[in-house]
Amino acid sequence: MTNARTVPGEAAAEGAQSAPLVSLRGVTKRFPNVIANDAVDLDLFPGEVHALLGENGAGKSTLMKILYGFYSADAGTIRMDGHEIRIESPLDARRNRIGMVFQTFTLVPAMSVAENIALYLPELPFLTSDRAISRQISDLGDRYRLRVAPHLPVRDLSVGDQQKVELLKLLVGKTRVLIFDEATRVLAPHEIEGLFEIFARLKADGYAVVLITHKMNEVLACADRITVMRRGRVAGTVPRASATQASLVELMFGAVAPTSAPLPSAPAAADGPPLLELRGVRTAPSAAGTPLVGVTLSIRPGEIIGVAGVSGNGQRELVDVIQGLVPCAEGTRVLHGVDATSWGPGRIRADGVGFVPEEPLAMAVVPWMTLHQNTVIGNASRYARHGGVSLDWGQVRQDVATSFEELGFESLPPYVPVRKFSGGQLQRAVLARELGRHPKLLIASYPTRGLDVRTAESARRVLAQLRARGGGVLLVSEDLDELCNLSDRLVVLRGGAIVGEFRPQDVDRHAIGHLMTGSGAEA
Amino acid sequence: MSFSDVMTRISRSRWASEVARYALVLTIALLAYAVVLLLAGKDPLRALTDTASYTFGTWLGFSEVIVRMIPLLLTAIAVALPSRLGLINVGGEGQLYMGAWLATYAAITFTSLPPGLFIPLLVLFGFVGGGVWASVAGYFRARGLVNETITTLLMNYIAPLIVGFFVYGAWRSREMGASAFPQSIAFPDAARLPRFLGTRIHLGFVLAVVLLIAFWFVFEKTKWGLEMRAIGGNADAARRLGINLGLYIVIVMFIAGGIAGLAGMAEVSALHGRLRAGFSPGFGFTGFLISWLAGGSAGGMFAMSFVLAVVLSAGSLLQITQGVPYAATNVLMALILFIVLMRPKLLGRLS
């Protein structure tokens, strides 16, 4: 290890209890109709991993975006090394050596790793020296196990490696405070463990690491101190040693923690043809995405098929092929025994196939329409009167109410454009609409992504209920716990092909993870 | 009551704020236009009084404004309808020409029909002429081949040439006097749209108003309106919800083109009685402007097509009374457009 750069806060690395590197006091941020942060105090010490835990909308991202200069706080102070600082833009934050790794990366795909990192440097010299940067990259890579070939174009890197580049960018830029926004979302299990090892090394060198997350097990696995936020306030800060899953849940939700009653179990396998069969389906290559290569899959009544895989390995194509949005270039699609290869999305939907996507705002609803209007466009023939000249809004109202009641959801305001809904409300609205049609087959694509714990829990319950009624579910997810708990069978998708199929109880998570990424021992 | 009080009051009522918005746009445009006239050495005040006394002062003048309004309103609907699906139809002008062209074919071919059959036939042919022309663009868009903005725009240059080809050639009038101009033979009397109240206001006005109401009704009340708005609001979601985008796109382009085609049919049948080369002074383009100014709302299109009909009438009038070139109306229309484009800053408080 050369000493080309100084390691920040080396002196402070001894004890995390010395003096805070950053302290926020009374930080308040109001948005129209909501207080995102209400007098929040937070201390970040050098040499610690600090987890910010909370439901979606609890204010943790907002708080970190204030620290990174995306938002400016309405009130409150930020101190660094004891001196008050003003952060009014990300540039200010970077000057104070605060950096953030975002959920969606900010890399230029066509440029090499070294070029991407050079772009970020505050004092980019007139003539850039690739070699100097490459050397820094490999030095840092050795020290923190962030090995990435500097000359490779970023578009050729896996998601995990891209995240490493994001982190390298901050380290080369001499950042001391590293904020990770939902950093584990895109990673396979062994990659997550790798990230936590990197955290440990960073910590040893005196960096302050902040991990924003709503996943309890990750917090317990990597954090030194945990701050739980609830409705814009700090519900409590606890050291890892004294934190338990139960105590954190209580802090997150207050007294009323969501109950994890056992999910309805699978009924005995029903007779009759499968609800869906794909036989050797191939899709045409497209500019973006991974085409399917010879996918064979069947879903029987009363069965949940889980699809595991790293995002972008053909999940979108699989879901689109089943819905009829993408034609089968080869192979056949059969819906309960009837060849449906040539059917379009309208016919497939009319045949009892429902869809719950990961981004309802973009994929399932018209944002400026109301709940009721959005219910109609998913099922217009049911509500059309006089051949479509008018619509039966009374029926719509009744159906929405029935569906929400059946699923045990609180009702939502009917006359508000759905884009005003929170992520959880929106997903409940979509679930209620799709389940209200009593589908035989439900395609659920990352149905719990970004949802708060309670909504995610009820979404899972809805899927299990559908199974108990004899419906079939295709569940695409990146959450292995969710997949293993819910699925009757699990398939692993990699590079557009199914590379493994098993019953979840027969296999351990690491084997699945390696199968997902194509690394190490195959299961 | 201070100015800001007035503004807050106006902004509270949706109707008042709409009216205030249009009025403000118009006032600013007229002020800017007055400056242009002053620079050209004309008297803006007299131009205004001349315009007002002609268009609102006499029944004849007013009726002529309504006559001008008809093609503007129809072509505006032809733009507003596809815009609800997120489609940009710039081809109103070409569709108008093709409607007139096919209607002329009917008028000079089935010469012996009685009026009771002839008028519906003309409406049908005018509609189909514009509709087929526009659905070509719709088809290419639905197949994901070419953007409809490009095709409709470029097809505007073809349609007048087709009309020219026929009026200079096969359909050209051989009558004494009339043959000096590139125009078709005269329509039979039974192929002339009826006019009302001793003015040149013709059946096209009824068609336009009925279509405008139908336009409003379809989008506000029906299943198809909701589905089309869903396509405009989120095409990906609409596709996933099983709405047949391609079919809607082709059909909507057909209907929109058909409505523009009716404008062309009405012009040649009711006013000229012949097909003439270059008979439209850019009605289709003005219709696009109107639809845009009105934000595609039915009431707004009615109001804006009236206003622009006044502007166009004033153009002809001022040419005679003050020697202002007709092209000066383009200056005024451009000013209106620019002011509307600046709206976010200018009228921020109202919206």
# chains A, B, ... in the order shown; residues from 1 in each chain; ligands from 1
>>> closest_atom_pairs(of="chain A", to="chain B", cutoff="6 Å", atoms="only C-alpha atoms", output="CSV")
residue,atom,partner,partner_atom,distance
A:Pro345,CA,B:Gly242,CA,4.8
A:Gly346,CA,B:Gly242,CA,3.5
A:Met363,CA,B:Ala237,CA,4.4
A:Ala364,CA,B:Ala237,CA,4.5
A:Val365,CA,B:Ala237,CA,5.8
A:Val366,CA,B:Asn234,CA,5.2
A:Ile377,CA,B:Glu227,CA,5.9
A:Gly378,CA,B:Leu241,CA,5.1
A:Gly388,CA,B:Lys223,CA,5.0
A:Val389,CA,B:Thr222,CA,4.7
A:Ser390,CA,B:Thr222,CA,4.7
>>> write_last_selection(atoms="N, CA and C atoms", output="short mmCIF file (atom, residue, chain, number, x, y, z; two decimals), in the first residue's frame")
data_model
loop_
_atom_site.label_atom_id
_atom_site.label_comp_id
_atom_site.auth_asym_id
_atom_site.auth_seq_id
_atom_site.Cartn_x
_atom_site.Cartn_y
_atom_site.Cartn_z
N PRO A 345 -52.24 -8.76 -25.48
CA PRO A 345 -52.40 -8.50 -24.05
C PRO A 345 -53.85 -8.37 -23.62
N GLY A 346 -54.71 -7.84 -24.47
CA GLY A 346 -56.11 -7.66 -24.10
C GLY A 346 -56.77 -9.00 -23.87
N MET A 363 -46.24 1.64 -14.55
CA MET A 363 -46.63 0.46 -15.30
C MET A 363 -48.08 0.03 -15.12
N ALA A 364 -48.77 0.54 -14.12
CA ALA A 364 -50.10 -0.02 -13.87
C ALA A 364 -51.21 1.01 -13.78
N VAL A 365 -50.88 2.26 -13.59
CA VAL A 365 -51.95 3.25 -13.43
C VAL A 365 -51.65 4.48 -14.29
N VAL A 366 -52.69 5.27 -14.48
CA VAL A 366 -52.51 6.58 -15.10
C VAL A 366 -52.41 7.58 -13.95
N ILE A 377 -60.16 1.56 -16.13
CA ILE A 377 -59.33 1.30 -17.31
C ILE A 377 -58.72 -0.09 -17.27
N GLY A 378 -58.63 -0.70 -16.10
CA GLY A 378 -58.12 -2.07 -16.07
C GLY A 378 -59.18 -3.09 -16.42
N GLY A 388 -70.85 0.97 -23.94
CA GLY A 388 -69.67 1.80 -23.71
C GLY A 388 -69.97 3.29 -23.74
N VAL A 389 -71.23 3.65 -24.09
CA VAL A 389 -71.58 5.06 -24.15
C VAL A 389 -71.53 5.68 -22.76
N SER A 390 -71.80 4.89 -21.75
CA SER A 390 -71.66 5.43 -20.40
C SER A 390 -71.03 4.37 -19.51
#
>>> residues_around(residues="Phe125 (chain B)", least_positions_apart="5", cutoff="10 Å", atoms="only C-alpha atoms", output="PyMOL selection string")
chain B and resi 98-107+119-120+130-131+258+261-262+265
>>> select_by_dssp(residues="region 211-336 of chain B", states="alpha helix (DSSP H)", output="number ranges by chain")
B: 211-221, 223-233, 235-240, 245-266, 283-293, 298-321, 328-336
>>> select_by_dssp(residues="region 12-230 of chain B", states="strand (DSSP E or B)", output="list in words")
Arg172, Gln183, Ser184, Arg195 and His202 of chain B
>>> atom_distance(atom1="CA of Gln398 (chain A)", atom2="CA of Gly470 (chain A)")
24.6 Å
>>> decode(residues="region 31-71 of chain B", atoms="N, CA and C atoms", output="PDB file, in the first residue's frame")
ATOM      1  N   LEU B  31     -51.756  44.646 -27.901  1.00  0.00           N
ATOM      2  CA  LEU B  31     -50.835  45.759 -27.628  1.00  0.00           C
ATOM      3  C   LEU B  31     -49.573  45.619 -28.470  1.00  0.00           C
ATOM      4  N   ALA B  32     -49.041  44.387 -28.512  1.00  0.00           N
ATOM      5  CA  ALA B  32     -47.831  44.172 -29.299  1.00  0.00           C
ATOM      6  C   ALA B  32     -48.106  44.402 -30.782  1.00  0.00           C
ATOM      7  N   TYR B  33     -49.297  43.971 -31.197  1.00  0.00           N
ATOM      8  CA  TYR B  33     -49.672  44.156 -32.599  1.00  0.00           C
ATOM      9  C   TYR B  33     -49.784  45.649 -32.927  1.00  0.00           C
ATOM     10  N   ALA B  34     -50.312  46.407 -31.982  1.00  0.00           N
ATOM     11  CA  ALA B  34     -50.443  47.854 -32.184  1.00  0.00           C
ATOM     12  C   ALA B  34     -49.073  48.470 -32.433  1.00  0.00           C
ATOM     13  N   VAL B  35     -48.078  48.005 -31.703  1.00  0.00           N
ATOM     14  CA  VAL B  35     -46.719  48.521 -31.897  1.00  0.00           C
ATOM     15  C   VAL B  35     -46.253  48.213 -33.318  1.00  0.00           C
ATOM     16  N   VAL B  36     -46.542  46.977 -33.775  1.00  0.00           N
ATOM     17  CA  VAL B  36     -46.149  46.596 -35.139  1.00  0.00           C
ATOM     18  C   VAL B  36     -46.812  47.519 -36.154  1.00  0.00           C
ATOM     19  N   LEU B  37     -48.113  47.764 -35.952  1.00  0.00           N
ATOM     20  CA  LEU B  37     -48.834  48.640 -36.883  1.00  0.00           C
ATOM     21  C   LEU B  37     -48.260  50.048 -36.862  1.00  0.00           C
ATOM     22  N   LEU B  38     -47.953  50.537 -35.669  1.00  0.00           N
ATOM     23  CA  LEU B  38     -47.368  51.887 -35.545  1.00  0.00           C
ATOM     24  C   LEU B  38     -46.055  51.967 -36.323  1.00  0.00           C
ATOM     25  N   LEU B  39     -45.238  50.934 -36.159  1.00  0.00           N
ATOM     26  CA  LEU B  39     -43.946  50.908 -36.862  1.00  0.00           C
ATOM     27  C   LEU B  39     -44.158  50.909 -38.367  1.00  0.00           C
ATOM     28  N   ALA B  40     -45.273  50.291 -38.821  1.00  0.00           N
ATOM     29  CA  ALA B  40     -45.560  50.247 -40.248  1.00  0.00           C
ATOM     30  C   ALA B  40     -46.253  51.516 -40.716  1.00  0.00           C
ATOM     31  N   GLY B  41     -46.421  52.483 -39.802  1.00  0.00           N
ATOM     32  CA  GLY B  41     -47.029  53.759 -40.166  1.00  0.00           C
ATOM     33  C   GLY B  41     -48.544  53.710 -40.275  1.00  0.00           C
ATOM     34  N   LYS B  42     -49.171  52.723 -39.649  1.00  0.00           N
ATOM     35  CA  LYS B  42     -50.632  52.643 -39.681  1.00  0.00           C
ATOM     36  C   LYS B  42     -51.184  53.107 -38.334  1.00  0.00           C
ATOM     37  N   ASP B  43     -52.497  53.290 -38.318  1.00  0.00           N
ATOM     38  CA  ASP B  43     -53.150  53.773 -37.103  1.00  0.00           C
ATOM     39  C   ASP B  43     -53.796  52.591 -36.388  1.00  0.00           C
ATOM     40  N   PRO B  44     -53.193  52.118 -35.306  1.00  0.00           N
ATOM     41  CA  PRO B  44     -53.727  50.917 -34.651  1.00  0.00           C
ATOM     42  C   PRO B  44     -55.126  51.129 -34.095  1.00  0.00           C
ATOM     43  N   LEU B  45     -55.397  52.306 -33.601  1.00  0.00           N
ATOM     44  CA  LEU B  45     -56.705  52.552 -33.014  1.00  0.00           C
ATOM     45  C   LEU B  45     -57.806  52.431 -34.065  1.00  0.00           C
ATOM     46  N   ARG B  46     -57.514  53.004 -35.247  1.00  0.00           N
ATOM     47  CA  ARG B  46     -58.515  52.917 -36.312  1.00  0.00           C
ATOM     48  C   ARG B  46     -58.652  51.468 -36.780  1.00  0.00           C
ATOM     49  N   ALA B  47     -57.517  50.764 -36.802  1.00  0.00           N
ATOM     50  CA  ALA B  47     -57.573  49.361 -37.202  1.00  0.00           C
ATOM     51  C   ALA B  47     -58.505  48.600 -36.267  1.00  0.00           C
ATOM     52  N   LEU B  48     -58.425  48.922 -34.990  1.00  0.00           N
ATOM     53  CA  LEU B  48     -59.245  48.239 -33.999  1.00  0.00           C
ATOM     54  C   LEU B  48     -60.723  48.596 -34.184  1.00  0.00           C
ATOM     55  N   THR B  49     -60.991  49.885 -34.340  1.00  0.00           N
ATOM     56  CA  THR B  49     -62.399  50.292 -34.482  1.00  0.00           C
ATOM     57  C   THR B  49     -62.972  49.764 -35.789  1.00  0.00           C
ATOM     58  N   ASP B  50     -62.161  49.802 -36.870  1.00  0.00           N
ATOM     59  CA  ASP B  50     -62.625  49.230 -38.142  1.00  0.00           C
ATOM     60  C   ASP B  50     -63.012  47.773 -37.956  1.00  0.00           C
ATOM     61  N   THR B  51     -62.116  47.033 -37.309  1.00  0.00           N
ATOM     62  CA  THR B  51     -62.351  45.603 -37.098  1.00  0.00           C
ATOM     63  C   THR B  51     -63.624  45.388 -36.297  1.00  0.00           C
ATOM     64  N   ALA B  52     -63.735  46.139 -35.189  1.00  0.00           N
ATOM     65  CA  ALA B  52     -64.893  45.951 -34.326  1.00  0.00           C
ATOM     66  C   ALA B  52     -66.174  46.295 -35.060  1.00  0.00           C
ATOM     67  N   SER B  53     -66.185  47.403 -35.788  1.00  0.00           N
ATOM     68  CA  SER B  53     -67.434  47.817 -36.416  1.00  0.00           C
ATOM     69  C   SER B  53     -67.802  46.866 -37.554  1.00  0.00           C
ATOM     70  N   TYR B  54     -66.789  46.277 -38.187  1.00  0.00           N
ATOM     71  CA  TYR B  54     -67.129  45.347 -39.270  1.00  0.00           C
ATOM     72  C   TYR B  54     -67.595  44.013 -38.705  1.00  0.00           C
ATOM     73  N   THR B  55     -66.818  43.456 -37.779  1.00  0.00           N
ATOM     74  CA  THR B  55     -67.134  42.102 -37.325  1.00  0.00           C
ATOM     75  C   THR B  55     -68.318  42.046 -36.373  1.00  0.00           C
ATOM     76  N   PHE B  56     -68.453  43.060 -35.518  1.00  0.00           N
ATOM     77  CA  PHE B  56     -69.569  43.014 -34.568  1.00  0.00           C
ATOM     78  C   PHE B  56     -70.652  44.014 -34.924  1.00  0.00           C
ATOM     79  N   GLY B  57     -70.312  44.968 -35.789  1.00  0.00           N
ATOM     80  CA  GLY B  57     -71.258  46.041 -36.085  1.00  0.00           C
ATOM     81  C   GLY B  57     -72.299  45.655 -37.118  1.00  0.00           C
ATOM     82  N   THR B  58     -71.964  44.765 -38.023  1.00  0.00           N
ATOM     83  CA  THR B  58     -72.938  44.417 -39.053  1.00  0.00           C
ATOM     84  C   THR B  58     -73.210  42.920 -39.020  1.00  0.00           C
ATOM     85  N   TRP B  59     -74.427  42.589 -39.348  1.00  0.00           N
ATOM     86  CA  TRP B  59     -74.835  41.186 -39.365  1.00  0.00           C
ATOM     87  C   TRP B  59     -74.046  40.430 -40.432  1.00  0.00           C
ATOM     88  N   LEU B  60     -73.820  41.079 -41.564  1.00  0.00           N
ATOM     89  CA  LEU B  60     -73.061  40.439 -42.630  1.00  0.00           C
ATOM     90  C   LEU B  60     -71.636  40.137 -42.173  1.00  0.00           C
ATOM     91  N   GLY B  61     -71.029  41.152 -41.568  1.00  0.00           N
ATOM     92  CA  GLY B  61     -69.657  40.968 -41.096  1.00  0.00           C
ATOM     93  C   GLY B  61     -69.573  39.853 -40.072  1.00  0.00           C
ATOM     94  N   PHE B  62     -70.528  39.856 -39.141  1.00  0.00           N
ATOM     95  CA  PHE B  62     -70.524  38.833 -38.098  1.00  0.00           C
ATOM     96  C   PHE B  62     -70.708  37.449 -38.706  1.00  0.00           C
ATOM     97  N   SER B  63     -71.614  37.358 -39.677  1.00  0.00           N
ATOM     98  CA  SER B  63     -71.859  36.047 -40.290  1.00  0.00           C
ATOM     99  C   SER B  63     -70.602  35.564 -41.009  1.00  0.00           C
ATOM    100  N   GLU B  64     -69.839  36.485 -41.581  1.00  0.00           N
ATOM    101  CA  GLU B  64     -68.608  36.089 -42.259  1.00  0.00           C
ATOM    102  C   GLU B  64     -67.574  35.559 -41.256  1.00  0.00           C
ATOM    103  N   VAL B  65     -67.591  36.140 -40.051  1.00  0.00           N
ATOM    104  CA  VAL B  65     -66.704  35.621 -39.005  1.00  0.00           C
ATOM    105  C   VAL B  65     -67.072  34.169 -38.695  1.00  0.00           C
ATOM    106  N   ILE B  66     -68.376  33.918 -38.588  1.00  0.00           N
ATOM    107  CA  ILE B  66     -68.824  32.542 -38.305  1.00  0.00           C
ATOM    108  C   ILE B  66     -68.396  31.614 -39.447  1.00  0.00           C
ATOM    109  N   VAL B  67     -68.526  32.104 -40.682  1.00  0.00           N
ATOM    110  CA  VAL B  67     -68.132  31.283 -41.835  1.00  0.00           C
ATOM    111  C   VAL B  67     -66.655  30.907 -41.737  1.00  0.00           C
ATOM    112  N   ARG B  68     -65.842  31.861 -41.359  1.00  0.00           N
ATOM    113  CA  ARG B  68     -64.399  31.584 -41.225  1.00  0.00           C
ATOM    114  C   ARG B  68     -64.112  30.624 -40.071  1.00  0.00           C
ATOM    115  N   MET B  69     -64.988  30.709 -39.085  1.00  0.00           N
ATOM    116  CA  MET B  69     -64.766  29.914 -37.887  1.00  0.00           C
ATOM    117  C   MET B  69     -64.933  28.423 -38.167  1.00  0.00           C
ATOM    118  N   ILE B  70     -65.782  28.084 -39.150  1.00  0.00           N
ATOM    119  CA  ILE B  70     -66.140  26.672 -39.366  1.00  0.00           C
ATOM    120  C   ILE B  70     -64.907  25.792 -39.642  1.00  0.00           C
ATOM    121  N   PRO B  71     -64.102  26.094 -40.667  1.00  0.00           N
ATOM    122  CA  PRO B  71     -62.944  25.200 -40.898  1.00  0.00           C
ATOM    123  C   PRO B  71     -61.937  25.236 -39.756  1.00  0.00           C
TER     124      PRO B  71
END
